[in-house]
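As stored in data_23.cif (mmCIF, C-alpha atoms):
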```cif
data_my_file
#
loop_
_atom_site.group_PDB
_atom_site.id
_atom_site.type_symbol
_atom_site.label_atom_id
_atom_site.label_comp_id
_atom_site.auth_asym_id
_atom_site.auth_seq_id
_atom_site.Cartn_x
_atom_site.Cartn_y
_atom_site.Cartn_z
ATOM 1 C CA MET L 1 0.734 7.413 20.018
ATOM 2 C CA SER L 2 -1.956 9.176 22.025
ATOM 3 C CA ILE L 3 -5.596 8.063 22.152
ATOM 4 C CA ASN L 4 -6.592 11.243 20.326
ATOM 5 C CA GLN L 5 -4.098 10.517 17.539
ATOM 6 C CA GLN L 6 -5.395 6.968 17.202
ATOM 7 C CA GLU L 7 -8.978 8.191 16.957
ATOM 8 C CA HIS L 8 -7.948 10.795 14.372
ATOM 9 C CA PHE L 9 -6.238 8.161 12.236
ATOM 10 C CA LYS L 10 -9.246 5.850 12.572
ATOM 11 C CA ASP L 11 -11.511 8.630 11.324
ATOM 12 C CA ILE L 12 -9.259 9.165 8.305
ATOM 13 C CA ALA L 13 -9.265 5.415 7.625
ATOM 14 C CA LYS L 14 -13.071 5.430 7.674
ATOM 15 C CA ASP L 15 -13.189 8.218 5.114
ATOM 16 C CA VAL L 16 -10.681 6.389 2.923
ATOM 17 C CA ARG L 17 -12.740 3.204 3.024
ATOM 18 C CA ILE L 18 -15.915 5.111 2.169
ATOM 19 C CA ASN L 19 -14.225 6.868 -0.754
ATOM 20 C CA LEU L 20 -12.662 3.761 -2.263
ATOM 21 C CA LEU L 21 -15.902 1.781 -2.023
ATOM 22 C CA LYS L 22 -17.809 4.572 -3.764
ATOM 23 C CA MET L 23 -15.128 4.837 -6.434
ATOM 24 C CA ILE L 24 -15.219 1.145 -7.293
ATOM 25 C CA HIS L 25 -19.030 1.089 -7.238
ATOM 26 C CA THR L 26 -19.231 4.076 -9.598
ATOM 27 C CA ALA L 27 -16.652 2.571 -11.949
ATOM 28 C CA GLY L 28 -18.429 -0.785 -11.915
ATOM 29 C CA SER L 29 -15.077 -2.548 -11.632
ATOM 30 C CA GLY L 30 -11.988 -2.607 -9.449
ATOM 31 C CA HIS L 31 -10.333 -4.436 -6.586
ATOM 32 C CA PRO L 32 -11.877 -3.723 -3.172
ATOM 33 C CA GLY L 33 -10.362 -6.605 -1.188
ATOM 34 C CA GLY L 34 -6.699 -5.669 -1.425
ATOM 35 C CA ALA L 35 -7.436 -1.948 -1.262
ATOM 36 C CA LEU L 36 -9.301 -2.340 2.031
ATOM 37 C CA SER L 37 -6.528 -4.436 3.578
ATOM 38 C CA ALA L 38 -3.946 -1.695 2.931
ATOM 39 C CA VAL L 39 -5.847 1.294 4.345
ATOM 40 C CA GLU L 40 -4.200 1.705 7.758
ATOM 41 C CA ILE L 41 -0.677 1.365 6.389
ATOM 42 C CA ILE L 42 -1.130 3.873 3.551
ATOM 43 C CA VAL L 43 -2.946 6.328 5.819
ATOM 44 C CA THR L 44 -0.035 6.194 8.280
ATOM 45 C CA LEU L 45 2.508 6.647 5.497
ATOM 46 C CA TYR L 46 0.906 9.770 4.057
ATOM 47 C CA CYS L 47 -0.437 11.310 7.254
ATOM 48 C CA HIS L 48 2.573 10.752 9.523
ATOM 49 C CA GLU L 49 5.580 8.945 8.126
ATOM 50 C CA MET L 50 6.562 10.361 4.763
ATOM 51 C CA ARG L 51 7.979 13.769 3.949
ATOM 52 C CA ILE L 52 5.799 14.819 1.030
ATOM 53 C CA SER L 53 4.803 18.018 -0.767
ATOM 54 C CA PRO L 54 1.246 17.898 -2.178
ATOM 55 C CA GLU L 55 1.722 21.434 -3.471
ATOM 56 C CA ASN L 56 4.931 20.307 -5.219
ATOM 57 C CA PRO L 57 4.539 16.643 -6.253
ATOM 58 C CA GLU L 58 7.877 16.681 -8.103
ATOM 59 C CA ASP L 59 9.907 17.927 -5.133
ATOM 60 C CA PRO L 60 13.264 16.132 -5.576
ATOM 61 C CA ASP L 61 13.691 15.808 -1.809
ATOM 62 C CA ARG L 62 10.324 14.153 -1.146
ATOM 63 C CA ASP L 63 9.990 10.605 0.118
ATOM 64 C CA ARG L 64 8.801 8.137 -2.520
ATOM 65 C CA PHE L 65 6.019 5.542 -2.345
ATOM 66 C CA ILE L 66 5.473 2.732 -4.827
ATOM 67 C CA LEU L 67 2.254 0.726 -4.750
ATOM 68 C CA SER L 68 3.666 -2.347 -6.428
ATOM 69 C CA LYS L 69 0.280 -4.110 -6.091
ATOM 70 C CA GLY L 70 -1.095 -1.471 -8.423
ATOM 71 C CA HIS L 71 -4.593 -2.957 -8.706
ATOM 72 C CA ALA L 72 -5.238 -1.705 -5.130
ATOM 73 C CA CYS L 73 -4.897 1.903 -6.345
ATOM 74 C CA PRO L 74 -8.319 3.136 -5.095
ATOM 75 C CA VAL L 75 -6.864 3.321 -1.582
ATOM 76 C CA LEU L 76 -3.897 5.340 -2.852
ATOM 77 C CA TYR L 77 -6.083 7.691 -4.901
ATOM 78 C CA SER L 78 -8.350 8.293 -1.917
ATOM 79 C CA VAL L 79 -5.408 9.240 0.314
ATOM 80 C CA LEU L 80 -3.789 11.412 -2.369
ATOM 81 C CA ALA L 81 -7.037 13.336 -2.849
ATOM 82 C CA MET L 82 -7.420 13.835 0.897
ATOM 83 C CA LYS L 83 -3.857 15.188 1.029
ATOM 84 C CA GLY L 84 -4.633 17.697 -1.727
ATOM 85 C CA TYR L 85 -2.842 16.260 -4.759
ATOM 86 C CA PHE L 86 -6.038 16.622 -6.802
ATOM 87 C CA PRO L 87 -9.698 17.489 -6.097
ATOM 88 C CA ILE L 88 -11.558 14.882 -4.074
ATOM 89 C CA GLU L 89 -14.433 15.157 -6.558
ATOM 90 C CA GLU L 90 -12.149 13.592 -9.154
ATOM 91 C CA LEU L 91 -12.325 10.255 -7.326
ATOM 92 C CA SER L 92 -15.583 9.552 -9.171
ATOM 93 C CA THR L 93 -13.608 9.325 -12.438
ATOM 94 C CA LEU L 94 -11.851 6.056 -11.502
ATOM 95 C CA ARG L 95 -11.206 3.926 -14.607
ATOM 96 C CA LYS L 96 -12.822 6.444 -16.954
ATOM 97 C CA ILE L 97 -11.344 6.751 -20.447
ATOM 98 C CA ASN L 98 -8.892 9.681 -20.634
ATOM 99 C CA GLY L 99 -9.175 10.207 -16.871
ATOM 100 C CA ARG L 100 -6.189 10.637 -14.559
ATOM 101 C CA LEU L 101 -7.239 7.850 -12.189
ATOM 102 C CA GLN L 102 -6.731 4.695 -14.154
ATOM 103 C CA GLY L 103 -7.199 1.112 -12.924
ATOM 104 C CA HIS L 104 -3.483 0.949 -12.178
ATOM 105 C CA PRO L 105 -1.337 3.933 -11.089
ATOM 106 C CA ASP L 106 0.151 6.017 -13.893
ATOM 107 C CA MET L 107 2.925 8.408 -12.898
ATOM 108 C CA LYS L 108 2.545 10.387 -16.136
ATOM 109 C CA ARG L 109 -1.111 11.177 -15.455
ATOM 110 C CA THR L 110 -1.688 11.290 -11.710
ATOM 111 C CA PRO L 111 -0.118 13.839 -9.345
ATOM 112 C CA GLY L 112 1.523 12.144 -6.378
ATOM 113 C CA VAL L 113 2.119 8.794 -8.092
ATOM 114 C CA ASP L 114 5.856 8.099 -8.006
ATOM 115 C CA SER L 115 5.881 5.001 -10.218
ATOM 116 C CA THR L 116 3.600 3.395 -12.766
ATOM 117 C CA THR L 117 2.690 -0.092 -11.584
ATOM 118 C CA GLY L 118 0.445 -2.961 -12.561
ATOM 119 C CA SER L 119 2.741 -5.730 -13.779
ATOM 120 C CA LEU L 120 3.248 -7.494 -10.480
ATOM 121 C CA GLY L 121 6.775 -7.973 -9.180
ATOM 122 C CA ASN L 122 8.400 -4.841 -10.602
ATOM 123 C CA GLY L 123 7.830 -2.313 -7.821
ATOM 124 C CA LEU L 124 10.606 -3.471 -5.526
ATOM 125 C CA SER L 125 13.222 -3.229 -8.278
ATOM 126 C CA VAL L 126 12.045 0.290 -9.115
ATOM 127 C CA GLY L 127 12.239 1.204 -5.444
ATOM 128 C CA ILE L 128 15.782 -0.124 -5.254
ATOM 129 C CA GLY L 129 16.733 2.148 -8.144
ATOM 130 C CA MET L 130 15.271 5.151 -6.316
ATOM 131 C CA ALA L 131 17.017 4.235 -3.068
ATOM 132 C CA LEU L 132 20.342 3.756 -4.866
ATOM 133 C CA MET L 133 19.990 7.144 -6.542
ATOM 134 C CA ALA L 134 19.378 8.771 -3.164
ATOM 135 C CA LYS L 135 22.599 7.215 -1.867
ATOM 136 C CA MET L 136 24.565 8.281 -4.910
ATOM 137 C CA ASP L 137 23.269 11.854 -4.722
ATOM 138 C CA ASN L 138 23.652 12.097 -0.927
ATOM 139 C CA LYS L 139 19.922 12.745 -0.596
ATOM 140 C CA ALA L 140 17.984 12.050 2.593
ATOM 141 C CA TYR L 141 14.716 10.906 1.052
ATOM 142 C CA ARG L 142 13.420 7.406 1.785
ATOM 143 C CA THR L 143 11.658 4.978 -0.538
ATOM 144 C CA TYR L 144 8.672 2.873 0.510
ATOM 145 C CA VAL L 145 7.314 -0.064 -1.503
ATOM 146 C CA MET L 146 4.077 -1.924 -0.766
ATOM 147 C CA LEU L 147 3.951 -5.489 -2.051
ATOM 148 C CA GLY L 148 1.024 -7.866 -2.217
ATOM 149 C CA CYS L 149 1.633 -11.251 -0.640
ATOM 150 C CA GLY L 150 0.570 -13.037 -3.831
ATOM 151 C CA GLU L 151 3.065 -10.847 -5.651
ATOM 152 C CA LEU L 152 5.868 -12.578 -3.761
ATOM 153 C CA ASN L 153 5.376 -15.509 -6.158
ATOM 154 C CA GLU L 154 7.274 -13.445 -8.730
ATOM 155 C CA GLY L 155 10.922 -14.421 -9.032
ATOM 156 C CA ILE L 156 12.032 -10.841 -9.666
ATOM 157 C CA ILE L 157 11.059 -10.019 -6.065
ATOM 158 C CA TRP L 158 13.755 -12.307 -4.728
ATOM 159 C CA GLU L 159 16.370 -11.069 -7.190
ATOM 160 C CA ALA L 160 15.585 -7.564 -5.971
ATOM 161 C CA ALA L 161 15.822 -8.708 -2.361
ATOM 162 C CA LEU L 162 19.376 -9.915 -2.971
ATOM 163 C CA SER L 163 20.315 -6.637 -4.622
ATOM 164 C CA ALA L 164 18.922 -4.397 -1.865
ATOM 165 C CA ALA L 165 20.850 -6.314 0.764
ATOM 166 C CA LYS L 166 24.059 -6.198 -1.297
ATOM 167 C CA PHE L 167 23.889 -2.398 -1.490
ATOM 168 C CA LYS L 168 22.854 -2.063 2.189
ATOM 169 C CA LEU L 169 19.893 0.144 1.345
ATOM 170 C CA ASN L 170 18.796 1.221 4.800
ATOM 171 C CA ASN L 171 16.838 4.032 3.078
ATOM 172 C CA LEU L 172 14.473 1.433 1.579
ATOM 173 C CA LEU L 173 11.429 -0.006 3.334
ATOM 174 C CA ALA L 174 9.282 -2.731 1.802
ATOM 175 C CA ILE L 175 5.869 -3.566 3.244
ATOM 176 C CA VAL L 176 4.066 -6.836 2.568
ATOM 177 C CA ASP L 177 0.273 -6.551 2.736
ATOM 178 C CA TYR L 178 0.005 -10.105 4.053
ATOM 179 C CA ASN L 179 -3.700 -10.861 3.700
ATOM 180 C CA ARG L 180 -2.961 -14.439 2.569
ATOM 181 C CA LEU L 181 -5.313 -14.345 -0.428
ATOM 182 C CA GLN L 182 -4.656 -13.761 -4.114
ATOM 183 C CA LEU L 183 -6.646 -13.888 -7.338
ATOM 184 C CA ASP L 184 -6.902 -17.680 -7.666
ATOM 185 C CA GLY L 185 -6.938 -18.832 -4.037
ATOM 186 C CA THR L 186 -5.078 -18.754 -0.775
ATOM 187 C CA ASN L 187 -1.320 -18.371 -0.767
ATOM 188 C CA ASP L 188 -0.999 -21.815 0.770
ATOM 189 C CA ASP L 189 -2.939 -23.370 -2.119
ATOM 190 C CA VAL L 190 -1.304 -21.409 -4.941
ATOM 191 C CA MET L 191 2.300 -21.120 -3.702
ATOM 192 C CA PRO L 192 3.099 -21.366 0.034
ATOM 193 C CA LEU L 193 5.229 -18.514 1.395
ATOM 194 C CA GLU L 194 6.020 -19.652 4.894
ATOM 195 C CA PRO L 195 8.323 -19.334 6.734
ATOM 196 C CA LEU L 196 8.163 -15.803 5.293
ATOM 197 C CA VAL L 197 9.960 -13.953 8.089
ATOM 198 C CA ASP L 198 12.829 -16.427 8.019
ATOM 199 C CA LYS L 199 13.103 -16.118 4.237
ATOM 200 C CA TRP L 200 13.598 -12.350 4.372
ATOM 201 C CA LYS L 201 16.031 -12.652 7.269
ATOM 202 C CA ALA L 202 18.017 -15.168 5.223
ATOM 203 C CA PHE L 203 18.228 -12.532 2.468
ATOM 204 C CA ASN L 204 19.806 -10.212 5.074
ATOM 205 C CA TRP L 205 16.860 -7.867 5.563
ATOM 206 C CA ASN L 206 15.765 -6.350 8.835
ATOM 207 C CA VAL L 207 12.301 -7.837 9.388
ATOM 208 C CA VAL L 208 9.471 -6.436 11.521
ATOM 209 C CA GLU L 209 6.239 -8.419 11.919
ATOM 210 C CA ILE L 210 3.057 -6.546 12.870
ATOM 211 C CA ASP L 211 -0.721 -6.350 12.811
ATOM 212 C CA GLY L 212 -1.214 -4.217 9.698
ATOM 213 C CA HIS L 213 -4.404 -2.657 11.040
ATOM 214 C CA ASP L 214 -2.945 -1.469 14.353
ATOM 215 C CA PHE L 215 -1.763 2.131 14.126
ATOM 216 C CA PRO L 216 0.708 2.044 17.081
ATOM 217 C CA GLN L 217 2.343 -1.114 15.702
ATOM 218 C CA ILE L 218 2.607 0.447 12.246
ATOM 219 C CA LEU L 219 4.217 3.605 13.656
ATOM 220 C CA ASN L 220 6.682 1.607 15.759
ATOM 221 C CA ALA L 221 7.631 -0.510 12.739
ATOM 222 C CA PHE L 222 8.331 2.609 10.662
ATOM 223 C CA LYS L 223 10.480 3.975 13.495
ATOM 224 C CA THR L 224 12.451 0.736 13.733
ATOM 225 C CA ALA L 225 13.083 0.800 9.987
ATOM 226 C CA ARG L 226 14.310 4.408 10.066
ATOM 227 C CA GLU L 227 16.742 3.571 12.847
ATOM 228 C CA THR L 228 18.152 0.463 11.115
ATOM 229 C CA ARG L 229 21.608 0.812 9.623
ATOM 230 C CA GLY L 230 23.439 -1.269 7.022
ATOM 231 C CA GLN L 231 20.496 -3.218 5.608
ATOM 232 C CA PRO L 232 17.069 -2.718 4.043
ATOM 233 C CA SER L 233 13.935 -3.287 6.131
ATOM 234 C CA ILE L 234 10.691 -5.066 5.448
ATOM 235 C CA ILE L 235 7.447 -5.043 7.388
ATOM 236 C CA ILE L 236 5.395 -8.229 7.276
ATOM 237 C CA ALA L 237 1.976 -6.724 7.950
ATOM 238 C CA HIS L 238 -0.691 -9.280 8.782
ATOM 239 C CA THR L 239 -3.925 -7.921 7.327
ATOM 240 C CA ILE L 240 -7.463 -8.971 6.453
ATOM 241 C CA LYS L 241 -8.547 -8.834 2.845
ATOM 242 C CA GLY L 242 -11.725 -6.764 2.620
ATOM 243 C CA LYS L 243 -11.079 -5.315 6.091
ATOM 244 C CA GLY L 244 -14.001 -3.436 7.604
ATOM 245 C CA ILE L 245 -16.779 -4.951 5.485
ATOM 246 C CA SER L 246 -18.218 -8.109 7.040
ATOM 247 C CA PHE L 247 -19.301 -9.783 3.817
ATOM 248 C CA MET L 248 -16.010 -8.960 2.068
ATOM 249 C CA GLU L 249 -13.548 -9.984 4.777
ATOM 250 C CA GLU L 250 -11.429 -12.977 3.734
ATOM 251 C CA GLU L 251 -13.732 -13.694 0.802
ATOM 252 C CA LEU L 252 -11.799 -14.451 -2.374
ATOM 253 C CA ASP L 253 -14.653 -13.302 -4.638
ATOM 254 C CA TRP L 254 -14.056 -9.699 -3.526
ATOM 255 C CA HIS L 255 -10.554 -9.618 -4.925
ATOM 256 C CA GLY L 256 -11.807 -7.915 -8.087
ATOM 257 C CA THR L 257 -15.580 -7.389 -7.855
ATOM 258 C CA ALA L 258 -17.428 -4.076 -7.563
ATOM 259 C CA PRO L 259 -20.297 -3.858 -5.061
ATOM 260 C CA ASN L 260 -23.803 -3.336 -6.397
ATOM 261 C CA ASP L 261 -26.134 -0.667 -4.994
ATOM 262 C CA LYS L 262 -27.398 -2.754 -2.089
ATOM 263 C CA GLU L 263 -23.952 -4.073 -1.205
ATOM 264 C CA LEU L 264 -22.536 -0.556 -1.267
ATOM 265 C CA GLU L 265 -25.255 0.702 1.063
ATOM 266 C CA THR L 266 -24.562 -2.129 3.523
ATOM 267 C CA ALA L 267 -20.796 -1.603 3.321
ATOM 268 C CA LEU L 268 -21.021 2.154 3.901
ATOM 269 C CA THR L 269 -23.291 1.617 6.893
ATOM 270 C CA GLU L 270 -20.807 -0.845 8.416
ATOM 271 C CA VAL L 271 -17.897 1.556 7.952
ATOM 272 C CA ALA L 272 -19.821 4.477 9.416
ATOM 273 C CA ASN L 273 -20.831 2.448 12.476
ATOM 274 C CA ALA L 274 -17.421 0.883 13.089
ATOM 275 C CA LEU L 275 -15.715 1.712 16.386
#
```

Is it possible to express this structure as structure tokens?
Amino acid sequence: MSINQQEHFKDIAKDVRINLLKMIHTAGSGHPGGALSAVEIIVTLYCHEMRISPENPEDPDRDRFILSKGHACPVLYSVLAMKGYFPIEELSTLRKINGRLQGHPDMKRTPGVDSTTGSLGNGLSVGIGMALMAKMDNKAYRTYVMLGCGELNEGIIWEAALSAAKFKLNNLLAIVDYNRLQLDGTNDDVMPLEPLVDKWKAFNWNVVEIDGHDFPQILNAFKTARETRGQPSIIIAHTIKGKGISFMEEELDWHGTAPNDKELETALTEVANAL
């Protein structure tokens, strides 16, 4: 990845952070922490990795993305708008009654959303169904699923992990946004996950561990997953909850709190001045 490409992706990430902060502030509710931690990964997916058709969201040959941690949807909406799935002005309608941008993704309302999510734990199973269908239909599209680390407490995740390995779904890539915080505390306090890499390897997945805010590492991990044969892949992406906003980073209170006017002003200034 060239320096110019990195700078371009960083600029996009800045715009995404600005948009999602404004959205949540305008709505007066939402989940900034886990949206901010996922920015670099989702930007890379939609701006480099996935084969998508914003002008034809229902293209049967498109790659699929499932945001299983659906409460982080402001980051997805921001990227979808920037890619042209709907007008960027519509971002201000987050969580409005009868609007298309609800507090959790709705595939029946929002162009570009491949699966309705919100009930944690279900996204990986849905992704497995999509990946199986691609195999059965001899289609080349890939399926990507982003999981929250707190979401891994759900038993259905591990049932799905067994199934994906059984069917050798090398066209499936899961990504764990591993920011180590969830609604009620740290992962270690609520339900320890470690040794997480070893767990997924024991379930016969190809595992790649990265810094989830480093664009070259993200790109290399996607490449490794594409080249893997005979088993599904998972990226354990170490991230920072509230990334990019000093007073939000690694602060549990920002899991589901909207910034007030002063906090928004400070946050936007920090993003704009970030290197």

Given the file shown, determine the residues that the PyMOL selection byres ((chain L and resi 190) around 12) selects; report them as an MDAnalysis selection string.
chainID L and resid 149:153 180:189 191:193

Nearest to Pro232 (chain L): which of L:Gly256, L:Leu219, L:Trp200, L:Asn98 is it, counting all atoms listed in the file?
L:Trp200

Residues at most 12 Å from Gly99 (chain L), counting all atoms listed in the file, excluding those fewer than 4 positions away in the same chain, as a PyMOL selection string?
chain L and resi 27+90-95+103-106+108-110

Going by the chain IDs and residue numbers used in this file, which residues fall under the PyMOL selection byres ((chain L and resi 40-53) around 9)? Write them as a ChimeraX atom specification.
/L:9-10,12-13,16,36-39,54-59,61-65,75-76,79-80,83,85,112,141-142,144,146,175,177,212-215,218-219,222-223,237

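Rounded to one decimal, CA of Ile97 (chain L) and CA of Leu20 (chain L) lie 18.5 Å from each other.
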
Could you jot down the CA of Leu162 (chain L) to CA of Val113 (chain L) separation for me, Å, one decimal place?
26.0 Å

Go through L:Thr239, L:Ser163, L:Ser29, L:Asn171 one by one, measure the shortest atom-to-atom distance of each to His255 (chain L) using only C-alpha atoms, and give the residue with the smallest value.
L:Ser29

Which of L:Asp114, L:Glu209, L:Glu265, L:Asp137 sits closest to His25 (chain L) [using all atoms listed in the file]
L:Glu265

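Here the PyMOL selection byres ((chain L and resi 201) around 12) captures the residues Ala161, Leu162, Ala165, Pro195, Leu196, Val197, Asp198, Lys199, Trp200, Ala202, Phe203, Asn204, Trp205, Asn206, Val207, Val208, Glu209, Gln231, Pro232, Ser233, Ile234, Ile235 and Ile236 of chain L.
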
Quick one, how far is CA of Leu120 (chain L) from CA of Thr26 (chain L)?
25.3 Å

Mind working out the centre and edge lengths of an axis-aligned box for region 196-211 of chain L, all listed atoms inside, 6 Å added to each side, rounded to one decimal in Å and written as JSON?
```
{"center_x": 9.5, "center_y": -11.4, "center_z": 7.7, "size_x": 32.5, "size_y": 22.1, "size_z": 22.4}
```

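Nearest to Glu249 (chain L) of all the residues L:Asn179, L:Thr228, L:Asn220, L:Ser78 is L:Asn179, counting all atoms listed in the file.
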
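Nearest to Ser2 (chain L) of all the residues L:Ile88, L:Pro216, L:Met82, L:Ala35 is L:Pro216, counting all atoms listed in the file.
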
Just add N, CA and C atoms to region 185-202 of chain L and send it as a tab-separated table (two decimals), in the coordinates of the input.
```
chain	number	residue	atom	x	y	z
L	185	GLY	N	-6.81	-18.01	-5.23
L	185	GLY	CA	-6.94	-18.83	-4.04
L	185	GLY	C	-6.10	-18.31	-2.89
L	186	THR	N	-5.93	-19.13	-1.89
L	186	THR	CA	-5.08	-18.75	-0.78
L	186	THR	C	-3.62	-18.91	-1.18
L	187	ASN	N	-2.75	-18.20	-0.49
L	187	ASN	CA	-1.32	-18.37	-0.77
L	187	ASN	C	-0.89	-19.82	-0.57
L	188	ASP	N	-1.40	-20.43	0.47
L	188	ASP	CA	-1.00	-21.82	0.77
L	188	ASP	C	-1.39	-22.76	-0.36
L	189	ASP	N	-2.52	-22.51	-1.02
L	189	ASP	CA	-2.94	-23.37	-2.12
L	189	ASP	C	-2.17	-23.08	-3.41
L	190	VAL	N	-1.93	-21.79	-3.68
L	190	VAL	CA	-1.30	-21.41	-4.94
L	190	VAL	C	0.21	-21.60	-4.88
L	191	MET	N	0.84	-21.00	-3.88
L	191	MET	CA	2.30	-21.12	-3.70
L	191	MET	C	2.64	-20.72	-2.27
L	192	PRO	N	2.86	-21.67	-1.38
L	192	PRO	CA	3.10	-21.37	0.03
L	192	PRO	C	4.31	-20.45	0.22
L	193	LEU	N	4.17	-19.49	1.14
L	193	LEU	CA	5.23	-18.51	1.40
L	193	LEU	C	5.99	-18.77	2.69
L	194	GLU	N	5.38	-19.46	3.59
L	194	GLU	CA	6.02	-19.65	4.89
L	194	GLU	C	7.22	-20.59	4.80
L	195	PRO	N	8.23	-20.36	5.68
L	195	PRO	CA	8.32	-19.33	6.73
L	195	PRO	C	8.80	-17.99	6.16
L	196	LEU	N	7.88	-17.04	6.02
L	196	LEU	CA	8.16	-15.80	5.29
L	196	LEU	C	9.16	-14.92	6.03
L	197	VAL	N	9.02	-14.78	7.32
L	197	VAL	CA	9.96	-13.95	8.09
L	197	VAL	C	11.37	-14.51	7.96
L	198	ASP	N	11.50	-15.81	8.11
L	198	ASP	CA	12.83	-16.43	8.02
L	198	ASP	C	13.43	-16.26	6.63
L	199	LYS	N	12.59	-16.30	5.60
L	199	LYS	CA	13.10	-16.12	4.24
L	199	LYS	C	13.76	-14.74	4.09
L	200	TRP	N	13.04	-13.70	4.53
L	200	TRP	CA	13.60	-12.35	4.37
L	200	TRP	C	14.83	-12.15	5.26
L	201	LYS	N	14.84	-12.74	6.42
L	201	LYS	CA	16.03	-12.65	7.27
L	201	LYS	C	17.21	-13.33	6.59
L	202	ALA	N	16.94	-14.45	5.92
L	202	ALA	CA	18.02	-15.17	5.22
L	202	ALA	C	18.58	-14.35	4.07
```
